[in-house]
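Structure first, then comments.
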Amino acid sequence: MILMSIMRQSKDGNSVFSFGNNKARLTNPNDMKVKFADVAGSLEEKEELSEIVDFLKAPKKYRELGAKIPKGVLLYGAPGTGKTLLARAVAGEAGVKFFYISGSDFVEMLVGVGASRVRSLFADAKREAPSVVFIDEIDAVGRKRGAGLGGGQDEREQTLNQILVEMDGFDVNTNIIVMAATNRVDVLDPALLRPGRFDRRIMVNMPDADEREAILKIHAKNKPLAKDVSLREVALSTVGFTGADLENLLNEAALMAARHNNKEISMLEVTDAMFRVQMGPQKNSKKLSDKVKKLTSYHEAGHAVVLRATSDFEKVDRVTIIPVGQAGGYTAYKPIEDTDYYTEKMLLDTIKMSLGGRAAEEIFLGEISTGAASDLRHCNDIAKNMIKRYGLSKKFRNMVFGDENEEVFLGYSMGQVQSYSEQTAAAI
Ligand code: ADP
Ligand code: MG
Ligand code: ZN
């Protein structure tokens, strides 16, 4: 048993016997190719970080003015939004060495190894200063103490403490910027966020349509696209995609084009890849009866026709009756322009569009099916929010019921006091 755990190889193939030797990947500044120009969008993020770049390039300027530069910069945001990329770009822009380590490397290590790794990592970074130390997935070691399940607590705590000791030990002449990334800033130990530690926090946002287009352009650079490919249209269709998703999408499209023995990537391959990333692979081999095909056809056509007849802010993107995942088919639609808000009419149009599937079944087949289950959930949620959150009902115009977090905790809401009467609840 003991032998087993000692013999276990760590992820990169190094035996855990290499105690203490830090396995931070050192990047030579000459090889450091990532620049801010490689990060599309994220203008505010880059703007904030350019001060750090400037400091790494000309620390004297800041010191002579008595300016204190942040020691620690925490990047937070959803996975795949470009946090690691931004950190690399900071080192790249400044032309300094980049030391990378991931919090998850420390999980399940022998007690004491994490702390000594941190120590030697910082020793190396100081020797190579000016430099950037990047701690990815810092939440893996930096969770609130006493929180979380399972073992490894001691190890994590020691590792975290060592990071804090190192940062506290920086003096005015230390030209090291410590950067860290997480998608869970809420679980971080408050000790990490105190002044003099990760006191500069930068939120890395999900890209909007313009940013998605710019990201697509960057990743399309080495890919021959056919003339019919409109990256603008793809950007509009990919609400909720991160930079990593978009990169993945174009790669899938390139693979598909290769499989088709094409010399260029066509719009069809790009949209196929987009839906594949979004919905999962199509189940082409599934045998369907004519009855099912007919039902699905009318249902999906119902959505498409109602959308076309009502909405002036969205358009039909694709209608298919080939099953994917749990769905027998789907109607995809996309905004005509990027939008951050919805008008009352837009919400009502969306409700109508959701009900279009069932309505078509009723009109053309004379009976309705369970195929509308997720449509009903969707439009009921919208209706409920219109009444409770947005004050858009006739009866309770401009009134809001319940607080933001209501219903987040299922089972907990049972004991919660409702802030409105039973009669009001019934009317809602
Ligand atoms: P995170 O660290 O936030 O999880 P990464 O920096 O690892 O995300 O992003 C993964 C990949 O996605 C990057 O290597 C890059 O290719 C792509 N990517 C993400 N955001 C962008 C962006 N803003 N511009 C260009 N590429 C991006
Ligand atoms: Mg990352
Ligand atoms: Zn439907």
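Starting from 1 in every chain, residues are counted up; chains themselves are A, B, ... following the order of the structure tokens, and ligands are numbered from 1 as listed.
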Legend entry - Cut-off 10 Å, only C-alpha atoms and all ligand atoms, neighbours of ligand 2 as an MDAnalysis selection string: chainID A and resid 75:87 102 135:137 180:183 244
Residues from last step as file, C-alpha atoms, as a PDB file, in the first residue's frame:
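Below is the file that was written, selection-v5.pdb:
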ATOM      1  CA  LEU A  75      -7.816  36.793 -12.502  1.00  0.00           C
ATOM      2  CA  TYR A  76     -11.227  35.300 -12.065  1.00  0.00           C
ATOM      3  CA  GLY A  77     -13.921  34.200 -14.464  1.00  0.00           C
ATOM      4  CA  ALA A  78     -15.462  31.160 -16.114  1.00  0.00           C
ATOM      5  CA  PRO A  79     -13.171  28.393 -17.398  1.00  0.00           C
ATOM      6  CA  GLY A  80     -11.951  29.013 -20.932  1.00  0.00           C
ATOM      7  CA  THR A  81     -12.305  32.798 -20.875  1.00  0.00           C
ATOM      8  CA  GLY A  82      -8.582  33.338 -21.364  1.00  0.00           C
ATOM      9  CA  LYS A  83      -7.149  33.812 -17.867  1.00  0.00           C
ATOM     10  CA  THR A  84      -4.063  31.714 -18.458  1.00  0.00           C
ATOM     11  CA  LEU A  85      -3.640  33.326 -21.855  1.00  0.00           C
ATOM     12  CA  LEU A  86      -3.762  36.822 -20.316  1.00  0.00           C
ATOM     13  CA  ALA A  87      -1.164  35.905 -17.698  1.00  0.00           C
ATOM     14  CA  SER A 102      -1.202  24.793 -11.000  1.00  0.00           C
ATOM     15  CA  ILE A 135      -0.533  30.012  -9.947  1.00  0.00           C
ATOM     16  CA  ASP A 136      -3.334  28.469 -11.954  1.00  0.00           C
ATOM     17  CA  GLU A 137      -6.421  27.024 -10.234  1.00  0.00           C
ATOM     18  CA  ALA A 180      -3.269  33.621 -10.013  1.00  0.00           C
ATOM     19  CA  ALA A 181      -6.412  32.379 -11.648  1.00  0.00           C
ATOM     20  CA  THR A 182      -9.628  30.857 -10.378  1.00  0.00           C
ATOM     21  CA  ASN A 183     -13.218  30.433 -11.416  1.00  0.00           C
ATOM     22  CA  ALA A 244     -11.823  28.073 -25.555  1.00  0.00           C
TER      23      ALA A 244
END
Enumerate as a CSV table (one decimal) with N, CA, C and O atoms, in the first residue's frame the residues within 8 Å of ligand 3, counting only C-alpha atoms and all ligand atoms.
chain,number,residue,atom,x,y,z
A,299,HIS,N,-43.7,19.7,-35.3
A,299,HIS,CA,-43.4,20.4,-34.1
A,299,HIS,C,-42.3,21.4,-34.3
A,299,HIS,O,-42.5,22.6,-34.0
A,300,GLU,N,-41.2,21.0,-34.9
A,300,GLU,CA,-40.1,22.0,-35.1
A,300,GLU,C,-40.5,23.1,-36.1
A,300,GLU,O,-40.1,24.2,-35.9
A,303,HIS,N,-42.3,25.8,-34.3
A,303,HIS,CA,-41.4,26.8,-33.7
A,303,HIS,C,-40.9,27.8,-34.7
A,303,HIS,O,-40.9,29.0,-34.5
A,330,TYR,N,-34.4,19.8,-33.1
A,330,TYR,CA,-34.5,21.2,-32.4
A,330,TYR,C,-34.6,22.3,-33.5
A,330,TYR,O,-34.3,22.1,-34.7
A,331,THR,N,-35.0,23.4,-33.0
A,331,THR,CA,-35.0,24.6,-33.8
A,331,THR,C,-34.1,25.6,-33.1
A,331,THR,O,-34.3,26.0,-32.0
A,354,SER,N,-41.9,29.4,-28.2
A,354,SER,CA,-41.8,28.1,-27.4
A,354,SER,C,-43.0,27.3,-27.6
A,354,SER,O,-43.0,26.1,-27.6
A,355,LEU,N,-44.2,28.0,-27.6
A,355,LEU,CA,-45.4,27.2,-27.7
A,355,LEU,C,-45.8,26.8,-29.2
A,355,LEU,O,-46.7,26.0,-29.4
A,356,GLY,N,-45.0,27.3,-30.1
A,356,GLY,CA,-45.3,27.0,-31.5
A,356,GLY,C,-45.2,25.6,-31.9
A,356,GLY,O,-46.0,25.1,-32.7
A,357,GLY,N,-44.4,24.8,-31.2
A,357,GLY,CA,-44.2,23.4,-31.5
A,357,GLY,C,-45.5,22.6,-31.1
A,357,GLY,O,-46.1,21.9,-32.0
A,358,ARG,N,-46.0,22.8,-29.9
A,358,ARG,CA,-47.2,22.1,-29.5
A,358,ARG,C,-48.4,22.6,-30.3
A,358,ARG,O,-49.3,21.8,-30.7
A,371,GLY,N,-43.5,15.9,-26.5
A,371,GLY,CA,-42.4,16.5,-27.1
A,371,GLY,C,-42.2,18.0,-26.7
A,371,GLY,O,-41.1,18.5,-26.9
A,372,ALA,N,-43.2,18.5,-26.1
A,372,ALA,CA,-43.1,20.0,-25.7
A,372,ALA,C,-42.6,20.2,-24.3
A,372,ALA,O,-42.6,21.3,-23.8
A,373,ALA,N,-42.2,19.1,-23.6
A,373,ALA,CA,-41.8,19.2,-22.2
A,373,ALA,C,-40.8,20.3,-21.9
A,373,ALA,O,-41.1,21.2,-21.1
A,374,SER,N,-39.7,20.4,-22.6
A,374,SER,CA,-38.7,21.4,-22.3
A,374,SER,C,-39.2,22.8,-22.8
A,374,SER,O,-38.8,23.8,-22.2
A,375,ASP,N,-40.0,22.8,-23.9
A,375,ASP,CA,-40.5,24.1,-24.3
A,375,ASP,C,-41.4,24.7,-23.2
A,375,ASP,O,-41.3,25.9,-23.0
Legend entry - Near-Glu247 in chain A list (8 Å; only C-alpha atoms; drop same-chain fewer than 2 positions) as JSON, numbers by chain: {"A": [215, 216, 219, 243, 244, 245, 249, 250, 251]}
Inset, instruction - Have a look at A:Ile163, A:Val187, A:Val234, A:Ile202 and name the one nearest to ligand 1; count only C-alpha atoms and all ligand atoms. - result: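 The answer is A:Ile202, which sits nearest to ligand 1.
Take the candidates A:Asp208, A:Asp105, A:Glu337, A:Glu367 and check each one against ligand 1 using only C-alpha atoms and all ligand atoms; the shortest distance goes to A:Asp208.
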Inset, instruction - Choose the residue, out of A:Lys223, A:Asp154, A:Asp139, A:Leu164, that has the smallest atom-to-atom separation from Arg194 in chain A; count only C-alpha atoms. - result: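 Of the candidates, the smallest distance to Arg194 in chain A is held by A:Leu164.
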Inset, instruction - Find the residues around Lys33 in chain A up to 12 Å (only C-alpha atoms counted), leave out those fewer than 3 positions away in its own chain, and share them as a list in words. - result: Thr27, Asn28, Pro29, Asn30, Phe36, Ala37, Asp38, Val39, Leu85, Arg88, Ala89, Val90, Ala91, Gly92, Glu93, Ala94, Gly95, Val96, Lys97 and Phe98 of chain A
Inset, instruction - Could you find all residues in range 112-344 of chain A that DSSP calls strand (DSSP E or B) from the backbone, and write them as a ChimeraX atom specification? - result: /A:131-136,143,176-182,188,200-203,225,265,282,314-320,324,327,330-335
Inset, instruction - Could you please write out, as an NGL selection string, every residue of range 256-386 of chain A that DSSP assigns to helix (DSSP H, G or I)? - result: :A and (256-259 or 267-279 or 290-310 or 344-365 or 370-386)
Atoms kept (C-alpha atoms) for selection, written as a PDB file, in the first residue's frame:
ATOM      1  CA  MET A 256     -14.687  17.815 -40.491  1.00  0.00           C
ATOM      2  CA  ALA A 257     -13.397  19.508 -43.642  1.00  0.00           C
ATOM      3  CA  ALA A 258     -10.420  17.141 -43.634  1.00  0.00           C
ATOM      4  CA  ARG A 259     -12.752  14.165 -43.271  1.00  0.00           C
ATOM      5  CA  MET A 267     -19.864  27.498 -43.631  1.00  0.00           C
ATOM      6  CA  LEU A 268     -21.749  24.205 -43.408  1.00  0.00           C
ATOM      7  CA  GLU A 269     -18.840  22.602 -41.590  1.00  0.00           C
ATOM      8  CA  VAL A 270     -18.499  25.585 -39.281  1.00  0.00           C
ATOM      9  CA  THR A 271     -22.199  25.529 -38.345  1.00  0.00           C
ATOM     10  CA  ASP A 272     -22.151  21.733 -37.988  1.00  0.00           C
ATOM     11  CA  ALA A 273     -19.223  22.087 -35.621  1.00  0.00           C
ATOM     12  CA  MET A 274     -21.025  24.843 -33.727  1.00  0.00           C
ATOM     13  CA  PHE A 275     -24.076  22.687 -33.103  1.00  0.00           C
ATOM     14  CA  ARG A 276     -21.902  19.738 -32.292  1.00  0.00           C
ATOM     15  CA  VAL A 277     -20.068  21.723 -29.598  1.00  0.00           C
ATOM     16  CA  GLN A 278     -23.394  23.065 -28.303  1.00  0.00           C
ATOM     17  CA  MET A 279     -25.711  20.065 -28.463  1.00  0.00           C
ATOM     18  CA  ASP A 290     -42.550   7.755 -40.080  1.00  0.00           C
ATOM     19  CA  LYS A 291     -44.980   8.702 -37.367  1.00  0.00           C
ATOM     20  CA  VAL A 292     -42.213  10.094 -35.181  1.00  0.00           C
ATOM     21  CA  LYS A 293     -40.608  11.908 -38.091  1.00  0.00           C
ATOM     22  CA  LYS A 294     -43.930  13.510 -38.974  1.00  0.00           C
ATOM     23  CA  LEU A 295     -44.587  14.592 -35.423  1.00  0.00           C
ATOM     24  CA  THR A 296     -41.119  16.071 -35.017  1.00  0.00           C
ATOM     25  CA  SER A 297     -41.330  17.809 -38.382  1.00  0.00           C
ATOM     26  CA  TYR A 298     -44.574  19.576 -37.556  1.00  0.00           C
ATOM     27  CA  HIS A 299     -43.385  20.394 -34.062  1.00  0.00           C
ATOM     28  CA  GLU A 300     -40.103  21.972 -35.147  1.00  0.00           C
ATOM     29  CA  ALA A 301     -41.681  23.710 -38.130  1.00  0.00           C
ATOM     30  CA  GLY A 302     -44.186  25.193 -35.676  1.00  0.00           C
ATOM     31  CA  HIS A 303     -41.387  26.818 -33.683  1.00  0.00           C
ATOM     32  CA  ALA A 304     -39.728  28.140 -36.821  1.00  0.00           C
ATOM     33  CA  VAL A 305     -42.896  29.568 -38.359  1.00  0.00           C
ATOM     34  CA  VAL A 306     -44.021  31.300 -35.157  1.00  0.00           C
ATOM     35  CA  LEU A 307     -40.574  32.772 -34.634  1.00  0.00           C
ATOM     36  CA  ARG A 308     -40.544  34.092 -38.155  1.00  0.00           C
ATOM     37  CA  ALA A 309     -44.042  35.540 -37.806  1.00  0.00           C
ATOM     38  CA  THR A 310     -43.525  37.283 -34.475  1.00  0.00           C
ATOM     39  CA  GLU A 344     -41.691  42.970 -22.829  1.00  0.00           C
ATOM     40  CA  LYS A 345     -42.486  42.223 -26.458  1.00  0.00           C
ATOM     41  CA  MET A 346     -39.303  40.210 -26.856  1.00  0.00           C
ATOM     42  CA  LEU A 347     -40.215  38.047 -23.886  1.00  0.00           C
ATOM     43  CA  LEU A 348     -43.761  37.506 -25.140  1.00  0.00           C
ATOM     44  CA  ASP A 349     -42.438  36.623 -28.592  1.00  0.00           C
ATOM     45  CA  THR A 350     -40.138  34.055 -27.007  1.00  0.00           C
ATOM     46  CA  ILE A 351     -43.085  32.520 -25.145  1.00  0.00           C
ATOM     47  CA  LYS A 352     -45.073  32.337 -28.383  1.00  0.00           C
ATOM     48  CA  MET A 353     -42.173  30.766 -30.193  1.00  0.00           C
ATOM     49  CA  SER A 354     -41.785  28.137 -27.449  1.00  0.00           C
ATOM     50  CA  LEU A 355     -45.449  27.221 -27.724  1.00  0.00           C
ATOM     51  CA  GLY A 356     -45.294  27.041 -31.533  1.00  0.00           C
ATOM     52  CA  GLY A 357     -44.221  23.389 -31.475  1.00  0.00           C
ATOM     53  CA  ARG A 358     -47.185  22.144 -29.505  1.00  0.00           C
ATOM     54  CA  ALA A 359     -49.578  24.432 -31.392  1.00  0.00           C
ATOM     55  CA  ALA A 360     -48.478  22.910 -34.694  1.00  0.00           C
ATOM     56  CA  GLU A 361     -49.029  19.381 -33.369  1.00  0.00           C
ATOM     57  CA  GLU A 362     -52.543  20.330 -32.356  1.00  0.00           C
ATOM     58  CA  ILE A 363     -53.429  22.018 -35.640  1.00  0.00           C
ATOM     59  CA  PHE A 364     -51.915  19.507 -38.049  1.00  0.00           C
ATOM     60  CA  LEU A 365     -52.068  16.191 -36.187  1.00  0.00           C
ATOM     61  CA  THR A 370     -44.804  14.982 -24.627  1.00  0.00           C
ATOM     62  CA  GLY A 371     -42.385  16.514 -27.138  1.00  0.00           C
ATOM     63  CA  ALA A 372     -43.088  19.952 -25.710  1.00  0.00           C
ATOM     64  CA  ALA A 373     -41.826  19.208 -22.186  1.00  0.00           C
ATOM     65  CA  SER A 374     -38.719  21.369 -22.314  1.00  0.00           C
ATOM     66  CA  ASP A 375     -40.521  24.087 -24.311  1.00  0.00           C
ATOM     67  CA  LEU A 376     -43.100  24.339 -21.539  1.00  0.00           C
ATOM     68  CA  ARG A 377     -40.453  24.567 -18.859  1.00  0.00           C
ATOM     69  CA  HIS A 378     -38.712  27.292 -20.827  1.00  0.00           C
ATOM     70  CA  CYS A 379     -41.780  29.458 -21.419  1.00  0.00           C
ATOM     71  CA  ASN A 380     -43.142  28.922 -17.916  1.00  0.00           C
ATOM     72  CA  ASP A 381     -39.841  30.138 -16.510  1.00  0.00           C
ATOM     73  CA  ILE A 382     -40.044  33.247 -18.655  1.00  0.00           C
ATOM     74  CA  ALA A 383     -43.627  33.919 -17.606  1.00  0.00           C
ATOM     75  CA  LYS A 384     -42.785  33.427 -13.942  1.00  0.00           C
ATOM     76  CA  ASN A 385     -39.836  35.786 -14.177  1.00  0.00           C
ATOM     77  CA  MET A 386     -41.903  38.380 -16.008  1.00  0.00           C
TER      78      MET A 386
END
Legend entry - Closest of A:Val185, A:Ala226, A:Ala253, A:Ile218 to ligand 1 - atom-to-atom distances counting only C-alpha atoms and all ligand atoms: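 Looking at the shortest contact to ligand 1, the residue is A:Ile218.
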Inset, instruction - May I ask for the distance between CA of Arg63 in chain A and CA of Val172 in chain A, given in Å to one decimal place? - result: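 Computed distance, CA of Arg63 in chain A to CA of Val172 in chain A, equals 7.9 Å.
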With only C-alpha atoms as the counted atoms, please give the residues lying no more than 12 Å from range 423-428 of chain A, apart from itself and same-chain residues fewer than 5 positions off, as a JSON list (two decimals) with N, CA and C atoms, in the first residue's frame.
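out_31.json was written with the following content:
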[["chain", "number", "residue", "atom", "x", "y", "z"],
["A", 383, "ALA", "N", -42.40, 33.30, -18.12],
["A", 383, "ALA", "CA", -43.63, 33.92, -17.61],
["A", 383, "ALA", "C", -43.50, 34.21, -16.11],
["A", 384, "LYS", "N", -42.95, 33.24, -15.39],
["A", 384, "LYS", "CA", -42.79, 33.43, -13.94],
["A", 384, "LYS", "C", -41.86, 34.61, -13.65],
["A", 385, "ASN", "N", -40.77, 34.67, -14.39],
["A", 385, "ASN", "CA", -39.84, 35.79, -14.18],
["A", 385, "ASN", "C", -40.45, 37.12, -14.57],
["A", 386, "MET", "N", -41.26, 37.11, -15.61],
["A", 386, "MET", "CA", -41.90, 38.38, -16.01],
["A", 386, "MET", "C", -42.76, 38.90, -14.86],
["A", 387, "ILE", "N", -43.46, 38.01, -14.20],
["A", 387, "ILE", "CA", -44.33, 38.43, -13.10],
["A", 387, "ILE", "C", -43.53, 38.75, -11.84],
["A", 388, "LYS", "N", -42.63, 37.82, -11.46],
["A", 388, "LYS", "CA", -41.99, 37.95, -10.15],
["A", 388, "LYS", "C", -40.76, 38.85, -10.13],
["A", 389, "ARG", "N", -40.00, 38.84, -11.21],
["A", 389, "ARG", "CA", -38.74, 39.59, -11.18],
["A", 389, "ARG", "C", -38.77, 40.91, -11.93],
["A", 391, "GLY", "N", -41.65, 42.68, -12.96],
["A", 391, "GLY", "CA", -42.82, 43.55, -12.81],
["A", 391, "GLY", "C", -43.53, 43.80, -14.13],
["A", 392, "LEU", "N", -43.64, 42.76, -14.96],
["A", 392, "LEU", "CA", -44.21, 42.95, -16.29],
["A", 392, "LEU", "C", -45.62, 42.35, -16.44],
["A", 393, "SER", "N", -46.28, 42.03, -15.32],
["A", 393, "SER", "CA", -47.65, 41.54, -15.45],
["A", 393, "SER", "C", -48.61, 42.72, -15.36],
["A", 394, "LYS", "N", -49.84, 42.52, -15.82],
["A", 394, "LYS", "CA", -50.82, 43.61, -15.76],
["A", 394, "LYS", "C", -51.23, 43.87, -14.32],
["A", 395, "LYS", "N", -51.47, 42.77, -13.60],
["A", 395, "LYS", "CA", -52.02, 42.88, -12.26],
["A", 395, "LYS", "C", -51.01, 43.46, -11.26],
["A", 396, "PHE", "N", -49.76, 43.01, -11.37],
["A", 396, "PHE", "CA", -48.74, 43.46, -10.41],
["A", 396, "PHE", "C", -47.67, 44.26, -11.14],
["A", 397, "ARG", "N", -48.10, 45.24, -11.89],
["A", 397, "ARG", "CA", -47.16, 46.05, -12.67],
["A", 397, "ARG", "C", -46.08, 46.64, -11.75],
["A", 399, "MET", "N", -44.02, 45.49, -9.76],
["A", 399, "MET", "CA", -43.75, 44.92, -8.44],
["A", 399, "MET", "C", -42.85, 43.70, -8.59],
["A", 400, "VAL", "N", -42.03, 43.48, -7.52],
["A", 400, "VAL", "CA", -41.08, 42.38, -7.53],
["A", 400, "VAL", "C", -41.37, 41.49, -6.33],
["A", 401, "PHE", "N", -41.34, 40.19, -6.54],
["A", 401, "PHE", "CA", -41.66, 39.25, -5.47],
["A", 401, "PHE", "C", -40.50, 38.31, -5.19],
["A", 402, "GLY", "N", -40.17, 38.20, -3.91],
["A", 402, "GLY", "CA", -39.07, 37.30, -3.55],
["A", 402, "GLY", "C", -37.75, 37.96, -3.87],
["A", 418, "GLN", "N", -42.07, 33.77, 3.26],
["A", 418, "GLN", "CA", -42.47, 34.41, 2.02],
["A", 418, "GLN", "C", -42.77, 35.87, 2.33]]
Legend entry - Counting only C-alpha atoms and all ligand atoms, the residue of A:Pro207, A:Gly280, A:Gly329, A:Gly169 that sits nearest ligand 1: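 Closest to ligand 1 of all the choices is A:Pro207.
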Legend entry - Among the residues A:Leu65, A:Leu43, A:Val113, A:Ala58, the one that comes closest to ligand 1 [using only C-alpha atoms and all ligand atoms]: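 Using only C-alpha atoms and all ligand atoms, ligand 1 sits closest to A:Leu43.
Note that CA of Ser266 in chain A and CA of Ala254 in chain A are 9.1 Å apart.
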